[in-house]
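Listing of structure.pdb; format and content: PDB, C-alpha atoms, pLDDT in the B column.
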```
ATOM      1  CA  GLY A1090      32.948  20.744  65.291  1.00 59.00           C
ATOM      2  CA  SER A1091      33.447  21.697  68.946  1.00 70.00           C
ATOM      3  CA  ILE A1092      30.418  23.981  68.931  1.00 72.00           C
ATOM      4  CA  VAL A1093      28.210  21.185  67.569  1.00 75.00           C
ATOM      5  CA  GLY A1094      29.578  18.884  70.273  1.00 76.00           C
ATOM      6  CA  ALA A1095      28.757  21.489  72.903  1.00 74.00           C
ATOM      7  CA  TYR A1096      25.229  21.768  71.501  1.00 76.00           C
ATOM      8  CA  TRP A1097      24.665  18.016  71.839  1.00 78.00           C
ATOM      9  CA  LEU A1098      26.207  18.004  75.306  1.00 80.00           C
ATOM     10  CA  PHE A1099      23.768  20.751  76.362  1.00 78.00           C
ATOM     11  CA  MET A1100      20.924  18.713  74.847  1.00 80.00           C
ATOM     12  CA  LEU A1101      21.972  15.678  76.919  1.00 83.00           C
ATOM     13  CA  PHE A1102      22.186  17.777  80.070  1.00 83.00           C
ATOM     14  CA  GLY A1103      18.801  19.263  79.198  1.00 81.00           C
ATOM     15  CA  ARG A1104      17.169  15.839  79.010  1.00 80.00           C
ATOM     16  CA  LEU A1105      18.695  14.882  82.357  1.00 84.00           C
ATOM     17  CA  LEU A1106      17.731  18.225  83.888  1.00 82.00           C
ATOM     18  CA  GLY A1107      14.199  17.834  82.523  1.00 80.00           C
ATOM     19  CA  GLY A1108      13.894  14.552  84.388  1.00 79.00           C
ATOM     20  CA  LEU A1109      15.138  16.115  87.609  1.00 82.00           C
ATOM     21  CA  ILE A1110      12.901  19.175  87.260  1.00 81.00           C
ATOM     22  CA  GLY A1111       9.939  17.016  86.266  1.00 77.00           C
ATOM     23  CA  SER A1112      10.044  15.254  89.615  1.00 80.00           C
ATOM     24  CA  LYS A1113       9.931  18.578  91.482  1.00 87.00           C
ATOM     25  CA  VAL A1114       7.555  20.842  89.509  1.00 87.00           C
ATOM     26  CA  SER A1115       4.483  20.287  87.383  1.00 87.00           C
ATOM     27  CA  SER A1116       4.808  19.619  83.670  1.00 85.00           C
ATOM     28  CA  LYS A1117       2.742  22.741  83.004  1.00 87.00           C
ATOM     29  CA  THR A1118       5.114  24.949  85.008  1.00 89.00           C
ATOM     30  CA  MET A1119       8.140  23.395  83.319  1.00 88.00           C
ATOM     31  CA  MET A1120       6.626  23.904  79.843  1.00 89.00           C
ATOM     32  CA  ILE A1121       5.710  27.516  80.488  1.00 91.00           C
ATOM     33  CA  THR A1122       9.109  28.352  81.999  1.00 91.00           C
ATOM     34  CA  VAL A1123      11.357  26.740  79.382  1.00 91.00           C
ATOM     35  CA  SER A1124       9.157  27.905  76.478  1.00 93.00           C
ATOM     36  CA  ALA A1125       9.368  31.492  77.708  1.00 95.00           C
ATOM     37  CA  LEU A1126      13.136  31.175  78.214  1.00 94.00           C
ATOM     38  CA  GLY A1127      13.507  29.637  74.739  1.00 93.00           C
ATOM     39  CA  LEU A1128      11.573  32.548  73.221  1.00 96.00           C
ATOM     40  CA  MET A1129      13.868  35.012  74.974  1.00 96.00           C
ATOM     41  CA  PHE A1130      17.010  33.159  73.859  1.00 95.00           C
ATOM     42  CA  ILE A1131      15.940  32.902  70.216  1.00 95.00           C
ATOM     43  CA  ALA A1132      14.857  36.549  70.139  1.00 96.00           C
ATOM     44  CA  ALA A1133      18.216  37.550  71.646  1.00 96.00           C
ATOM     45  CA  ALA A1134      20.029  35.412  69.057  1.00 93.00           C
ATOM     46  CA  MET A1135      18.185  37.076  66.186  1.00 93.00           C
ATOM     47  CA  VAL A1136      18.978  40.616  67.309  1.00 94.00           C
ATOM     48  CA  THR A1137      22.552  40.131  68.546  1.00 94.00           C
ATOM     49  CA  PRO A1138      25.039  41.169  65.848  1.00 92.00           C
ATOM     50  CA  LEU A1139      27.393  38.447  64.618  1.00 87.00           C
ATOM     51  CA  SER A1140      30.290  40.782  65.399  1.00 90.00           C
ATOM     52  CA  ALA A1141      29.579  40.387  69.139  1.00 91.00           C
ATOM     53  CA  THR A1142      31.693  37.394  70.177  1.00 89.00           C
ATOM     54  CA  VAL A1143      32.817  35.593  73.295  1.00 87.00           C
ATOM     55  CA  LYS A1144      35.454  32.948  73.992  1.00 84.00           C
ATOM     56  CA  PHE A1145      33.535  29.681  74.203  1.00 75.00           C
ATOM     57  CA  PRO A1146      34.598  27.365  77.057  1.00 70.00           C
ATOM     58  CA  PHE A1147      36.804  24.444  75.950  1.00 67.00           C
ATOM     59  CA  VAL A1148      37.208  25.956  72.464  1.00 69.00           C
ATOM     60  CA  GLU A1149      40.128  28.106  71.394  1.00 72.00           C
ATOM     61  CA  ALA A1150      37.987  30.390  69.238  1.00 76.00           C
ATOM     62  CA  GLN A1151      35.745  33.401  69.477  1.00 84.00           C
ATOM     63  CA  VAL A1152      32.101  32.463  68.957  1.00 85.00           C
ATOM     64  CA  PRO A1153      29.246  34.846  68.110  1.00 88.00           C
ATOM     65  CA  ILE A1154      27.089  35.414  71.179  1.00 90.00           C
ATOM     66  CA  SER A1155      24.044  34.702  69.008  1.00 90.00           C
ATOM     67  CA  VAL A1156      25.315  31.113  68.619  1.00 87.00           C
ATOM     68  CA  ILE A1157      25.401  30.783  72.418  1.00 86.00           C
ATOM     69  CA  PHE A1158      21.785  31.981  72.540  1.00 91.00           C
ATOM     70  CA  PHE A1159      20.803  29.378  69.918  1.00 87.00           C
ATOM     71  CA  ILE A1160      22.516  26.660  71.979  1.00 85.00           C
ATOM     72  CA  LEU A1161      20.635  27.812  75.086  1.00 87.00           C
ATOM     73  CA  CYS A1162      17.365  27.765  73.132  1.00 87.00           C
ATOM     74  CA  GLY A1163      18.073  24.159  72.114  1.00 85.00           C
ATOM     75  CA  TRP A1164      18.817  23.383  75.747  1.00 85.00           C
ATOM     76  CA  CYS A1165      15.352  24.690  76.681  1.00 86.00           C
ATOM     77  CA  THR A1166      13.650  22.526  74.067  1.00 84.00           C
ATOM     78  CA  SER A1167      15.470  19.437  75.330  1.00 83.00           C
ATOM     79  CA  ILE A1168      14.254  20.100  78.876  1.00 82.00           C
ATOM     80  CA  MET A1169      10.611  20.375  77.828  1.00 82.00           C
ATOM     81  CA  TRP A1170      10.232  17.018  76.040  1.00 76.00           C
ATOM     82  CA  GLY A1171       8.993  15.117  79.097  1.00 75.00           C
ATOM     83  CA  GLY A1172       6.621  17.921  79.995  1.00 79.00           C
ATOM     84  CA  ILE A1173       5.029  17.914  76.546  1.00 80.00           C
ATOM     85  CA  PHE A1174       4.421  14.169  76.760  1.00 79.00           C
ATOM     86  CA  ASN A1175       2.978  14.348  80.278  1.00 79.00           C
ATOM     87  CA  LEU A1176       0.586  17.147  79.338  1.00 81.00           C
ATOM     88  CA  ALA A1177      -0.479  15.324  76.158  1.00 78.00           C
ATOM     89  CA  VAL A1178      -1.562  12.127  77.942  1.00 78.00           C
ATOM     90  CA  GLU A1179      -2.768  13.581  81.254  1.00 77.00           C
ATOM     91  CA  GLY A1180      -6.194  12.307  82.323  1.00 75.00           C
ATOM     92  CA  LEU A1181      -6.562   9.755  79.519  1.00 76.00           C
ATOM     93  CA  GLY A1182      -6.670   6.682  81.761  1.00 76.00           C
ATOM     94  CA  LYS A1183      -7.057   3.517  79.679  1.00 80.00           C
ATOM     95  CA  TYR A1184      -6.462   5.547  76.484  1.00 80.00           C
ATOM     96  CA  THR A1185      -2.949   6.590  77.554  1.00 81.00           C
ATOM     97  CA  ALA A1186      -1.201   3.803  75.602  1.00 82.00           C
ATOM     98  CA  ALA A1187      -3.014   4.620  72.338  1.00 82.00           C
ATOM     99  CA  ALA A1188      -2.504   8.364  72.812  1.00 80.00           C
ATOM    100  CA  SER A1189       1.197   7.927  73.555  1.00 79.00           C
ATOM    101  CA  GLY A1190       1.587   5.948  70.310  1.00 80.00           C
ATOM    102  CA  ILE A1191      -0.077   8.738  68.338  1.00 80.00           C
ATOM    103  CA  PHE A1192       2.007  11.305  70.204  1.00 77.00           C
ATOM    104  CA  MET A1193       5.248   9.543  69.226  1.00 76.00           C
ATOM    105  CA  VAL A1194       4.310   9.835  65.525  1.00 77.00           C
ATOM    106  CA  MET A1195       4.224  13.589  65.996  1.00 74.00           C
ATOM    107  CA  VAL A1196       8.021  13.522  66.365  1.00 74.00           C
ATOM    108  CA  CYS A1197       7.890  13.796  62.549  1.00 75.00           C
ATOM    109  CA  GLY A1198       7.626  17.534  63.152  1.00 73.00           C
ATOM    110  CA  GLY A1199      11.374  17.363  63.777  1.00 76.00           C
ATOM    111  CA  GLY A1200      11.756  16.497  60.098  1.00 82.00           C
ATOM    112  CA  ILE A1201       9.101  18.852  58.740  1.00 89.00           C
ATOM    113  CA  ILE A1202       9.939  22.063  60.621  1.00 89.00           C
ATOM    114  CA  PRO A1203      13.524  22.212  59.248  1.00 90.00           C
ATOM    115  CA  LEU A1204      12.102  22.029  55.702  1.00 93.00           C
ATOM    116  CA  ILE A1205       9.807  24.960  56.455  1.00 94.00           C
ATOM    117  CA  GLN A1206      12.655  26.895  58.056  1.00 93.00           C
ATOM    118  CA  GLY A1207      14.850  26.136  55.036  1.00 95.00           C
ATOM    119  CA  TRP A1208      12.186  27.538  52.704  1.00 96.00           C
ATOM    120  CA  PHE A1209      11.978  30.695  54.843  1.00 96.00           C
ATOM    121  CA  SER A1210      15.767  30.954  54.811  1.00 96.00           C
ATOM    122  CA  ASP A1211      15.842  30.730  50.998  1.00 97.00           C
ATOM    123  CA  HIS A1212      13.171  33.416  50.635  1.00 97.00           C
ATOM    124  CA  PHE A1213      13.712  35.752  53.601  1.00 96.00           C
ATOM    125  CA  GLY A1214      17.304  35.193  54.759  1.00 93.00           C
ATOM    126  CA  TYR A1215      19.036  32.943  57.238  1.00 88.00           C
ATOM    127  CA  MET A1216      18.435  34.947  60.427  1.00 89.00           C
ATOM    128  CA  ASN A1217      14.832  35.746  59.486  1.00 92.00           C
ATOM    129  CA  SER A1218      14.185  32.006  59.152  1.00 93.00           C
ATOM    130  CA  TYR A1219      14.416  31.750  62.927  1.00 93.00           C
ATOM    131  CA  TRP A1220      10.991  33.378  63.110  1.00 95.00           C
ATOM    132  CA  VAL A1221       9.742  29.865  62.272  1.00 94.00           C
ATOM    133  CA  MET A1222      11.383  28.582  65.444  1.00 92.00           C
ATOM    134  CA  PHE A1223      10.055  31.584  67.349  1.00 95.00           C
ATOM    135  CA  ALA A1224       6.526  30.659  66.196  1.00 94.00           C
ATOM    136  CA  CYS A1225       7.062  27.038  67.272  1.00 91.00           C
ATOM    137  CA  LEU A1226       8.223  28.123  70.722  1.00 92.00           C
ATOM    138  CA  ALA A1227       5.308  30.558  70.975  1.00 95.00           C
ATOM    139  CA  TYR A1228       2.955  27.658  70.234  1.00 91.00           C
ATOM    140  CA  LEU A1229       4.643  25.561  72.926  1.00 89.00           C
ATOM    141  CA  LEU A1230       4.169  28.424  75.379  1.00 92.00           C
ATOM    142  CA  PHE A1231       0.492  28.620  74.355  1.00 92.00           C
ATOM    143  CA  TYR A1232       0.242  24.848  74.804  1.00 88.00           C
ATOM    144  CA  GLY A1233       1.681  25.088  78.303  1.00 87.00           C
ATOM    145  CA  LEU A1234      -0.561  28.006  79.270  1.00 89.00           C
ATOM    146  CA  ILE A1235      -3.871  27.086  77.614  1.00 86.00           C
ATOM    147  CA  GLY A1236      -3.722  24.364  74.956  1.00 77.00           C
ATOM    148  CA  SER A1237      -2.937  21.509  77.334  1.00 74.00           C
ATOM    149  CA  LYS A1238      -6.030  22.081  79.447  1.00 75.00           C
ATOM    150  CA  ASN A1239      -7.938  18.807  79.698  1.00 69.00           C
ATOM    151  CA  VAL A1240     -11.378  19.711  78.349  1.00 63.00           C
ATOM    152  CA  ASN A1241     -12.544  16.095  78.006  1.00 63.00           C
ATOM    153  CA  LYS A1242     -13.738  15.563  81.567  1.00 64.00           C
ATOM    154  CA  ASP A1243     -16.576  13.264  80.455  1.00 65.00           C
ATOM    155  CA  ILE A1244     -14.421  10.577  78.766  1.00 63.00           C
ATOM    156  CA  PRO A1245     -14.757   7.271  80.623  1.00 61.00           C
ATOM    157  CA  VAL A1246     -11.177   6.356  81.458  1.00 56.00           C
ATOM    158  CA  ALA A1247     -11.650   3.207  83.533  1.00 55.00           C
TER     159      ALA A1247
END
```

How would this structure read if it were set down as structure tokens?
Amino acid sequence: GSIVGAYWLFMLFGRLLGGLIGSKVSSKTMMITVSALGLMFIAAAMVTPLSATVKFPFVEAQVPISVIFFILCGWCTSIMWGGIFNLAVEGLGKYTAAASGIFMVMVCGGGIIPLIQGWFSDHFGYMNSYWVMFACLAYLLFYGLIGSKNVNKDIPVA
């Protein structure tokens, strides 16, 4: 229970931190940085043995270090939300409202990805299922580096 609470607290701090960072650095830089960090955290979580533990702050229990890495990965994904949105609607002018509506429907991925990860877990094991999340973070890194490039320079936006 306390670990789940800590996860959600980190997610809240991540959203707030994302807003603060977003006012200081570009969305592209934020996406690239937190995607790369998330990839490192999830990779570290997958290779760290469950026997390696640490005393978690505010909890009177030893927690596997891999769990801490998963929490930090979730923290990274909470920071990037604003950056994803900004990159998705950048340069759309009068089409921004329509594009943002379509973009919000894509939140459904939050319901679909866990089903895919669950299938992988059933067939390849719990820890191996995190390769699904690794692939998602790798795509977000690609999106920050290349995929978000506005190639539609000839769209009339006024």

**Using all atoms listed in the file: which of A:Cys1162, A:Met1100, A:Ile1173, A:Val1196 has the shortest distance to Ser1115 of chain A** =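 Closest residue, counting all atoms listed in the file: A:Ile1173.
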
**Request:** Counting all atoms listed in the file, figure out which residue out of A:Pro1138, A:Gly1236, A:Gly1172, A:Gly1103 gets nearest to Thr1118 of chain A.
**Result:**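 Ranked by minimum distance to Thr1118 of chain A, first place goes to A:Gly1172.
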
Chain and number of each residue from the PyMOL selection byres ((chain A and resi 1153-1158) around 10), as a compact mmCIF listing (two decimals) with C-alpha atoms, in the frame of the given file:
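Once written, expr-v5.txt looks like this:
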```
# COMPACT_ATOMS: atom_id res chain seq x y z
CA ILE A 1092 30.42 23.98 68.93
CA ALA A 1095 28.76 21.49 72.90
CA TYR A 1096 25.23 21.77 71.50
CA GLY A 1127 13.51 29.64 74.74
CA MET A 1129 13.87 35.01 74.97
CA PHE A 1130 17.01 33.16 73.86
CA ILE A 1131 15.94 32.90 70.22
CA ALA A 1132 14.86 36.55 70.14
CA ALA A 1133 18.22 37.55 71.65
CA ALA A 1134 20.03 35.41 69.06
CA MET A 1135 18.18 37.08 66.19
CA VAL A 1136 18.98 40.62 67.31
CA THR A 1137 22.55 40.13 68.55
CA PRO A 1138 25.04 41.17 65.85
CA LEU A 1139 27.39 38.45 64.62
CA SER A 1140 30.29 40.78 65.40
CA ALA A 1141 29.58 40.39 69.14
CA THR A 1142 31.69 37.39 70.18
CA VAL A 1143 32.82 35.59 73.30
CA LYS A 1144 35.45 32.95 73.99
CA PHE A 1145 33.53 29.68 74.20
CA ALA A 1150 37.99 30.39 69.24
CA GLN A 1151 35.74 33.40 69.48
CA VAL A 1152 32.10 32.46 68.96
CA PHE A 1159 20.80 29.38 69.92
CA ILE A 1160 22.52 26.66 71.98
CA LEU A 1161 20.64 27.81 75.09
CA CYS A 1162 17.36 27.76 73.13
CA GLY A 1163 18.07 24.16 72.11
CA TRP A 1164 18.82 23.38 75.75
```

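We find atom CA of Leu1234 of chain A and atom CA of Ile1168 of chain A to be spaced 16.8 Å apart.
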
**Message:** Could you list, as number ranges by chain, every residue matched by the PyMOL selection byres ((chain A and resi 1229) around 10) in this structure?
**Reply:** A: 1120-1121, 1123-1125, 1127-1128, 1166, 1169, 1173, 1223-1228, 1230-1237

**Asked** How many Å lie between atom CA of Arg1104 of chain A and atom CA of Phe1174 of chain A, rounded to one decimal?
**Response**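 Between atom CA of Arg1104 of chain A and atom CA of Phe1174 of chain A the gap works out to 13.1 Å.
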
**Request:** Give me, please, the distance in Å between atom CA of Phe1192 of chain A and atom CA of Leu1098 of chain A, quoted to one decimal.
**Result:**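 Atom-to-atom, atom CA of Phe1192 of chain A to atom CA of Leu1098 of chain A, that is 25.6 Å.
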
Can you sort out the box for segment 1150-1160 of chain A, edges along x, y and z, all listed atoms in, 4 Å on every side, with centre and edge lengths in Å to one decimal, as AutoDock Vina command-line options?
```
--center_x 29.4 --center_y 31.0 --center_z 70.3 --size_x 25.2 --size_y 16.8 --size_z 12.4
```
